[in-house]
$ cat data_11.pdb   # PDB, C-alpha atoms and all ligand atoms
ATOM      1  CA  MET A   1      66.054 195.794 158.085  1.00  0.00           C
ATOM      2  CA  SER A   2      69.461 194.183 157.680  1.00  0.00           C
ATOM      3  CA  THR A   3      72.268 195.510 159.840  1.00  0.00           C
ATOM      4  CA  PHE A   4      75.968 195.021 160.614  1.00  0.00           C
ATOM      5  CA  LEU A   5      78.185 195.607 163.632  1.00  0.00           C
ATOM      6  CA  LEU A   6      80.006 198.965 163.631  1.00  0.00           C
ATOM      7  CA  GLU A   7      82.835 199.513 166.103  1.00  0.00           C
ATOM      8  CA  ILE A   8      84.662 202.802 166.625  1.00  0.00           C
ATOM      9  CA  VAL A   9      87.836 202.290 168.634  1.00  0.00           C
ATOM     10  CA  THR A  10      90.605 204.601 169.889  1.00  0.00           C
ATOM     11  CA  PRO A  11      93.777 203.695 171.824  1.00  0.00           C
ATOM     12  CA  GLU A  12      91.913 204.785 174.968  1.00  0.00           C
ATOM     13  CA  ARG A  13      88.504 203.177 174.610  1.00  0.00           C
ATOM     14  CA  LYS A  14      85.731 201.678 172.532  1.00  0.00           C
ATOM     15  CA  VAL A  15      83.665 204.717 171.606  1.00  0.00           C
ATOM     16  CA  TYR A  16      80.873 202.879 169.801  1.00  0.00           C
ATOM     17  CA  ALA A  17      79.706 199.307 169.168  1.00  0.00           C
ATOM     18  CA  GLU A  18      76.193 198.905 167.744  1.00  0.00           C
ATOM     19  CA  GLN A  19      74.261 197.138 165.017  1.00  0.00           C
ATOM     20  CA  VAL A  20      73.645 199.771 162.323  1.00  0.00           C
ATOM     21  CA  SER A  21      72.093 199.836 158.866  1.00  0.00           C
ATOM     22  CA  MET A  22      74.580 202.240 157.227  1.00  0.00           C
ATOM     23  CA  VAL A  23      77.701 204.253 157.912  1.00  0.00           C
ATOM     24  CA  ILE A  24      78.960 207.174 155.815  1.00  0.00           C
ATOM     25  CA  VAL A  25      82.609 208.195 156.141  1.00  0.00           C
ATOM     26  CA  LYS A  26      84.945 210.666 154.434  1.00  0.00           C
ATOM     27  CA  GLY A  27      87.788 208.614 153.040  1.00  0.00           C
ATOM     28  CA  VAL A  28      90.896 210.318 151.686  1.00  0.00           C
ATOM     29  CA  GLU A  29      89.600 209.436 148.226  1.00  0.00           C
ATOM     30  CA  GLY A  30      86.065 210.634 148.801  1.00  0.00           C
ATOM     31  CA  GLU A  31      82.850 209.914 150.645  1.00  0.00           C
ATOM     32  CA  LEU A  32      82.004 206.280 151.215  1.00  0.00           C
ATOM     33  CA  GLY A  33      78.613 204.825 152.182  1.00  0.00           C
ATOM     34  CA  ILE A  34      78.828 201.347 153.680  1.00  0.00           C
ATOM     35  CA  LEU A  35      75.768 199.074 153.677  1.00  0.00           C
ATOM     36  CA  PRO A  36      75.531 195.452 154.904  1.00  0.00           C
ATOM     37  CA  ASN A  37      77.586 192.951 152.865  1.00  0.00           C
ATOM     38  CA  HIS A  38      79.969 195.551 151.486  1.00  0.00           C
ATOM     39  CA  ILE A  39      83.159 194.088 150.028  1.00  0.00           C
ATOM     40  CA  PRO A  40      86.130 194.044 152.441  1.00  0.00           C
ATOM     41  CA  LEU A  41      88.381 197.125 152.285  1.00  0.00           C
ATOM     42  CA  VAL A  42      90.748 199.290 154.305  1.00  0.00           C
ATOM     43  CA  THR A  43      91.137 203.004 153.658  1.00  0.00           C
ATOM     44  CA  PRO A  44      92.417 206.063 155.561  1.00  0.00           C
ATOM     45  CA  LEU A  45      89.886 208.617 156.756  1.00  0.00           C
ATOM     46  CA  LYS A  46      89.842 212.396 156.800  1.00  0.00           C
ATOM     47  CA  ILE A  47      89.226 214.294 160.019  1.00  0.00           C
ATOM     48  CA  ALA A  48      85.446 214.589 159.670  1.00  0.00           C
ATOM     49  CA  PRO A  49      82.136 213.599 161.236  1.00  0.00           C
ATOM     50  CA  VAL A  50      81.014 210.024 160.547  1.00  0.00           C
ATOM     51  CA  THR A  51      77.276 209.596 159.920  1.00  0.00           C
ATOM     52  CA  ILE A  52      75.536 206.478 161.241  1.00  0.00           C
ATOM     53  CA  LYS A  53      72.049 205.297 160.284  1.00  0.00           C
ATOM     54  CA  LYS A  54      70.396 203.114 162.878  1.00  0.00           C
ATOM     55  CA  ASP A  55      66.692 202.356 163.424  1.00  0.00           C
ATOM     56  CA  ARG A  56      65.783 205.026 160.837  1.00  0.00           C
ATOM     57  CA  LYS A  57      67.634 207.631 162.901  1.00  0.00           C
ATOM     58  CA  GLU A  58      70.862 209.443 162.080  1.00  0.00           C
ATOM     59  CA  GLN A  59      73.713 209.989 164.453  1.00  0.00           C
ATOM     60  CA  VAL A  60      77.118 211.645 164.025  1.00  0.00           C
ATOM     61  CA  ILE A  61      80.438 210.969 165.697  1.00  0.00           C
ATOM     62  CA  ALA A  62      83.517 213.193 165.439  1.00  0.00           C
ATOM     63  CA  VAL A  63      86.251 210.869 164.138  1.00  0.00           C
ATOM     64  CA  ASN A  64      89.703 212.397 163.995  1.00  0.00           C
ATOM     65  CA  GLY A  65      91.339 210.631 161.094  1.00  0.00           C
ATOM     66  CA  GLY A  66      92.416 206.999 161.290  1.00  0.00           C
ATOM     67  CA  PHE A  67      91.212 204.097 159.169  1.00  0.00           C
ATOM     68  CA  ILE A  68      88.042 202.247 158.296  1.00  0.00           C
ATOM     69  CA  GLU A  69      88.241 198.497 157.871  1.00  0.00           C
ATOM     70  CA  VAL A  70      85.282 196.728 156.296  1.00  0.00           C
ATOM     71  CA  ARG A  71      85.414 193.044 157.228  1.00  0.00           C
ATOM     72  CA  LYS A  72      83.062 190.212 156.463  1.00  0.00           C
ATOM     73  CA  ASP A  73      81.742 190.111 160.032  1.00  0.00           C
ATOM     74  CA  LYS A  74      81.932 193.791 161.036  1.00  0.00           C
ATOM     75  CA  VAL A  75      83.123 197.305 160.227  1.00  0.00           C
ATOM     76  CA  VAL A  76      85.838 198.815 162.419  1.00  0.00           C
ATOM     77  CA  ILE A  77      86.906 202.467 162.544  1.00  0.00           C
ATOM     78  CA  LEU A  78      90.259 202.963 164.271  1.00  0.00           C
ATOM     79  CA  ALA A  79      91.184 206.531 165.172  1.00  0.00           C
ATOM     80  CA  GLU A  80      93.537 208.432 167.473  1.00  0.00           C
ATOM     81  CA  SER A  81      90.466 210.056 169.015  1.00  0.00           C
ATOM     82  CA  ALA A  82      86.703 210.038 168.463  1.00  0.00           C
ATOM     83  CA  GLU A  83      83.852 211.583 170.421  1.00  0.00           C
ATOM     84  CA  LEU A  84      80.087 211.255 170.641  1.00  0.00           C
ATOM     85  CA  PRO A  85      78.468 214.708 170.403  1.00  0.00           C
ATOM     86  CA  ALA A  86      77.286 214.437 174.025  1.00  0.00           C
ATOM     87  CA  ASP A  87      80.923 214.072 175.145  1.00  0.00           C
ATOM     88  CA  ILE A  88      82.226 217.054 173.179  1.00  0.00           C
ATOM     89  CA  ASP A  89      83.213 220.061 175.252  1.00  0.00           C
ATOM     90  CA  ILE A  90      82.433 223.060 173.030  1.00  0.00           C
ATOM     91  CA  GLU A  91      84.487 225.562 175.001  1.00  0.00           C
ATOM     92  CA  ARG A  92      87.525 223.294 174.867  1.00  0.00           C
ATOM     93  CA  ALA A  93      87.129 222.876 171.099  1.00  0.00           C
ATOM     94  CA  GLN A  94      86.696 226.637 170.616  1.00  0.00           C
ATOM     95  CA  ALA A  95      89.832 227.297 172.682  1.00  0.00           C
ATOM     96  CA  ALA A  96      91.772 224.659 170.688  1.00  0.00           C
ATOM     97  CA  LYS A  97      90.546 226.266 167.447  1.00  0.00           C
ATOM     98  CA  GLN A  98      91.698 229.708 168.561  1.00  0.00           C
ATOM     99  CA  ARG A  99      95.097 228.401 169.660  1.00  0.00           C
ATOM    100  CA  ALA A 100      95.595 226.643 166.339  1.00  0.00           C
ATOM    101  CA  GLU A 101      94.558 229.740 164.368  1.00  0.00           C
ATOM    102  CA  GLN A 102      97.027 231.860 166.331  1.00  0.00           C
ATOM    103  CA  ARG A 103      99.812 229.372 165.672  1.00  0.00           C
ATOM    104  CA  LEU A 104      98.942 229.294 161.977  1.00  0.00           C
ATOM    105  CA  SER A 105      99.116 233.069 161.715  1.00  0.00           C
ATOM    106  CA  GLY A 106     102.591 233.159 163.261  1.00  0.00           C
ATOM    107  CA  LYS A 107     105.816 232.369 161.459  1.00  0.00           C
ATOM    108  CA  ARG A 108     106.681 228.759 162.152  1.00  0.00           C
ATOM    109  CA  ASP A 109     108.435 225.900 160.453  1.00  0.00           C
ATOM    110  CA  GLU A 110     106.513 223.445 158.303  1.00  0.00           C
ATOM    111  CA  PHE A 111     106.245 220.837 161.054  1.00  0.00           C
ATOM    112  CA  ASP A 112     104.589 223.240 163.492  1.00  0.00           C
ATOM    113  CA  PHE A 113     102.359 224.502 160.713  1.00  0.00           C
ATOM    114  CA  ARG A 114     101.161 220.985 159.885  1.00  0.00           C
ATOM    115  CA  ARG A 115     100.518 220.212 163.553  1.00  0.00           C
ATOM    116  CA  ALA A 116      98.521 223.398 164.005  1.00  0.00           C
ATOM    117  CA  GLU A 117      96.551 222.599 160.863  1.00  0.00           C
ATOM    118  CA  MET A 118      95.634 219.120 162.163  1.00  0.00           C
ATOM    119  CA  SER A 119      94.705 220.558 165.527  1.00  0.00           C
ATOM    120  CA  LEU A 120      92.478 223.132 163.795  1.00  0.00           C
ATOM    121  CA  GLN A 121      90.795 220.367 161.787  1.00  0.00           C
ATOM    122  CA  ARG A 122      90.075 218.355 164.951  1.00  0.00           C
ATOM    123  CA  ALA A 123      88.565 221.393 166.669  1.00  0.00           C
ATOM    124  CA  ILE A 124      86.384 222.237 163.643  1.00  0.00           C
ATOM    125  CA  ASN A 125      85.350 218.568 163.372  1.00  0.00           C
ATOM    126  CA  ARG A 126      84.216 218.546 167.021  1.00  0.00           C
ATOM    127  CA  LEU A 127      82.244 221.781 166.643  1.00  0.00           C
ATOM    128  CA  ASP A 128      80.717 220.505 163.396  1.00  0.00           C
ATOM    129  CA  ALA A 129      79.656 217.158 164.938  1.00  0.00           C
ATOM    130  CA  LYS A 130      78.136 218.924 167.942  1.00  0.00           C
ATOM    131  CA  HIS A 131      76.149 221.327 165.762  1.00  0.00           C
ATOM    132  CA  ARG A 132      74.747 218.582 163.566  1.00  0.00           C
ATOM    133  CA  VAL A 133      72.904 216.902 166.442  1.00  0.00           C
TER     134      VAL A 133
HETATM  135  P1  LIG B   1      93.063 219.886 172.978  1.00  0.00           P
HETATM  136  O1  LIG B   1      94.090 220.844 172.431  1.00  0.00           O
HETATM  137  O2  LIG B   1      91.843 220.571 173.504  1.00  0.00           O
HETATM  138  O3  LIG B   1      93.654 218.853 173.933  1.00  0.00           O
HETATM  139  P2  LIG B   1      93.337 217.996 170.835  1.00  0.00           P
HETATM  140  O4  LIG B   1      92.746 218.025 169.482  1.00  0.00           O
HETATM  141  O5  LIG B   1      94.809 218.208 170.907  1.00  0.00           O
HETATM  142  O6  LIG B   1      92.530 219.054 171.721  1.00  0.00           O
HETATM  143  P3  LIG B   1      93.349 215.172 171.062  1.00  0.00           P
HETATM  144  O7  LIG B   1      94.813 214.946 171.243  1.00  0.00           O
HETATM  145  O8  LIG B   1      92.759 214.917 169.715  1.00  0.00           O
HETATM  146  O9  LIG B   1      92.974 216.649 171.567  1.00  0.00           O
HETATM  147  O10 LIG B   1      92.532 214.303 172.125  1.00  0.00           O
HETATM  148  C1  LIG B   1      92.986 214.029 173.434  1.00  0.00           C
HETATM  149  C2  LIG B   1      91.824 213.477 174.240  1.00  0.00           C
HETATM  150  O11 LIG B   1      90.913 214.518 174.582  1.00  0.00           O
HETATM  151  C3  LIG B   1      90.987 212.437 173.491  1.00  0.00           C
HETATM  152  O12 LIG B   1      90.505 211.501 174.411  1.00  0.00           O
HETATM  153  C4  LIG B   1      89.825 213.262 172.930  1.00  0.00           C
HETATM  154  O13 LIG B   1      88.686 212.450 172.738  1.00  0.00           O
HETATM  155  C5  LIG B   1      89.624 214.292 174.023  1.00  0.00           C
HETATM  156  N1  LIG B   1      89.135 215.596 173.544  1.00  0.00           N
HETATM  157  C6  LIG B   1      89.838 216.533 172.861  1.00  0.00           C
HETATM  158  N2  LIG B   1      89.097 217.639 172.653  1.00  0.00           N
HETATM  159  C7  LIG B   1      87.887 217.391 173.204  1.00  0.00           C
HETATM  160  C8  LIG B   1      86.669 218.160 173.309  1.00  0.00           C
HETATM  161  N3  LIG B   1      86.556 219.377 172.796  1.00  0.00           N
HETATM  162  N4  LIG B   1      85.641 217.583 173.948  1.00  0.00           N
HETATM  163  C9  LIG B   1      85.731 216.343 174.473  1.00  0.00           C
HETATM  164  N5  LIG B   1      86.826 215.570 174.398  1.00  0.00           N
HETATM  165  C10 LIG B   1      87.908 216.091 173.779  1.00  0.00           C
END

$ encode --input "data_11.pdb" --output "structure tokens" --more "lines below"
Ligand code: ATP
Amino acid sequence: MSTFLLEIVTPERKVYAEQVSMVIVKGVEGELGILPNHIPLVTPLKIAPVTIKKDRKEQVIAVNGGFIEVRKDKVVILAESAELPADIDIERAQAAKQRAEQRLSGKRDEFDFRRAEMSLQRAINRLDAKHRV
């Protein structure tokens, strides 16, 4: 089966670097399935789980926004943070979700509201990725 190199990188570390047969991401303009030899592109990503197909198995990674870059030689996902399900702390994500929900229910300015909304999305993304394993 033909494969390509997929790298998932954050400012802190390289979260993932493997030969895979397909990656499915949620771009801001919709879902995108990348197979080997896809045309080069760069597009922003939503805060959502990324699905990877490798050796006939599926794997998910919580990717918190960022960009996907499809190059000739490899595919790179660059994000502020990304976690493998095994590294996700459920209690921490549940606490972050609750905090964000509380902040959203209070009266705040638009900036705080947006921040709380993003934080809520990251927490839901982590819980979602963990539950899909
Ligand atoms: P929190 O409010 O719990 O810190 P956050 O969404 O603000 O969550 P980020 O700023 O996105 O956290 O991430 C900071 C660092 O902590 C990153 O390295 C990220 O991978 C890690 N991280 C955040 N939440 C979790 C979690 N629930 N489980 C494992 N790692 C996490």

$ resolve_selection --input "data_11.pdb" --expression "the PyMOL selection byres (((chain A and resi 33) around 7) and not hetatm)" --output "number ranges by chain"
A: 22-25, 31-32, 34-35

$ residues_near_ligand --input "data_11.pdb" --ligand "ligand LIG 1 (chain B)" --cutoff "8 Å" --atoms "all atoms listed in the file" --output "PyMOL selection string"
chain A and resi 12+64+80-83+87-96+118-120+122-123+126-127

$ write_last_selection --input "data_11.pdb" --atoms "C-alpha atoms" --output "PDB file, in the frame of the given file"
ATOM      1  CA  GLU A  12      91.913 204.785 174.968  1.00  0.00           C
ATOM      2  CA  ASN A  64      89.703 212.397 163.995  1.00  0.00           C
ATOM      3  CA  GLU A  80      93.537 208.432 167.473  1.00  0.00           C
ATOM      4  CA  SER A  81      90.466 210.056 169.015  1.00  0.00           C
ATOM      5  CA  ALA A  82      86.703 210.038 168.463  1.00  0.00           C
ATOM      6  CA  GLU A  83      83.852 211.583 170.421  1.00  0.00           C
ATOM      7  CA  ASP A  87      80.923 214.072 175.145  1.00  0.00           C
ATOM      8  CA  ILE A  88      82.226 217.054 173.179  1.00  0.00           C
ATOM      9  CA  ASP A  89      83.213 220.061 175.252  1.00  0.00           C
ATOM     10  CA  ILE A  90      82.433 223.060 173.030  1.00  0.00           C
ATOM     11  CA  GLU A  91      84.487 225.562 175.001  1.00  0.00           C
ATOM     12  CA  ARG A  92      87.525 223.294 174.867  1.00  0.00           C
ATOM     13  CA  ALA A  93      87.129 222.876 171.099  1.00  0.00           C
ATOM     14  CA  GLN A  94      86.696 226.637 170.616  1.00  0.00           C
ATOM     15  CA  ALA A  95      89.832 227.297 172.682  1.00  0.00           C
ATOM     16  CA  ALA A  96      91.772 224.659 170.688  1.00  0.00           C
ATOM     17  CA  MET A 118      95.634 219.120 162.163  1.00  0.00           C
ATOM     18  CA  SER A 119      94.705 220.558 165.527  1.00  0.00           C
ATOM     19  CA  LEU A 120      92.478 223.132 163.795  1.00  0.00           C
ATOM     20  CA  ARG A 122      90.075 218.355 164.951  1.00  0.00           C
ATOM     21  CA  ALA A 123      88.565 221.393 166.669  1.00  0.00           C
ATOM     22  CA  ARG A 126      84.216 218.546 167.021  1.00  0.00           C
ATOM     23  CA  LEU A 127      82.244 221.781 166.643  1.00  0.00           C
TER      24      LEU A 127
END

$ residues_around --input "data_11.pdb" --residues "A:Gln19" --least-positions-apart "3" --cutoff "6 Å" --atoms "all atoms listed in the file" --output "NGL selection string"
:A and (3-5)

$ residues_around --input "data_11.pdb" --residues "stretch 72-76 of chain A" --least-positions-apart "6" --cutoff "8 Å" --atoms "only C-alpha atoms" --output "list in words"
Phe4, Leu5, Leu6, Glu7, Ile8, Val9, Asn37, His38, Ile39 and Pro40 of chain A

$ atom_distance --input "data_11.pdb" --atom1 "atom CA of A:Lys54" --atom2 "atom CA of A:Ala17"
11.9 Å
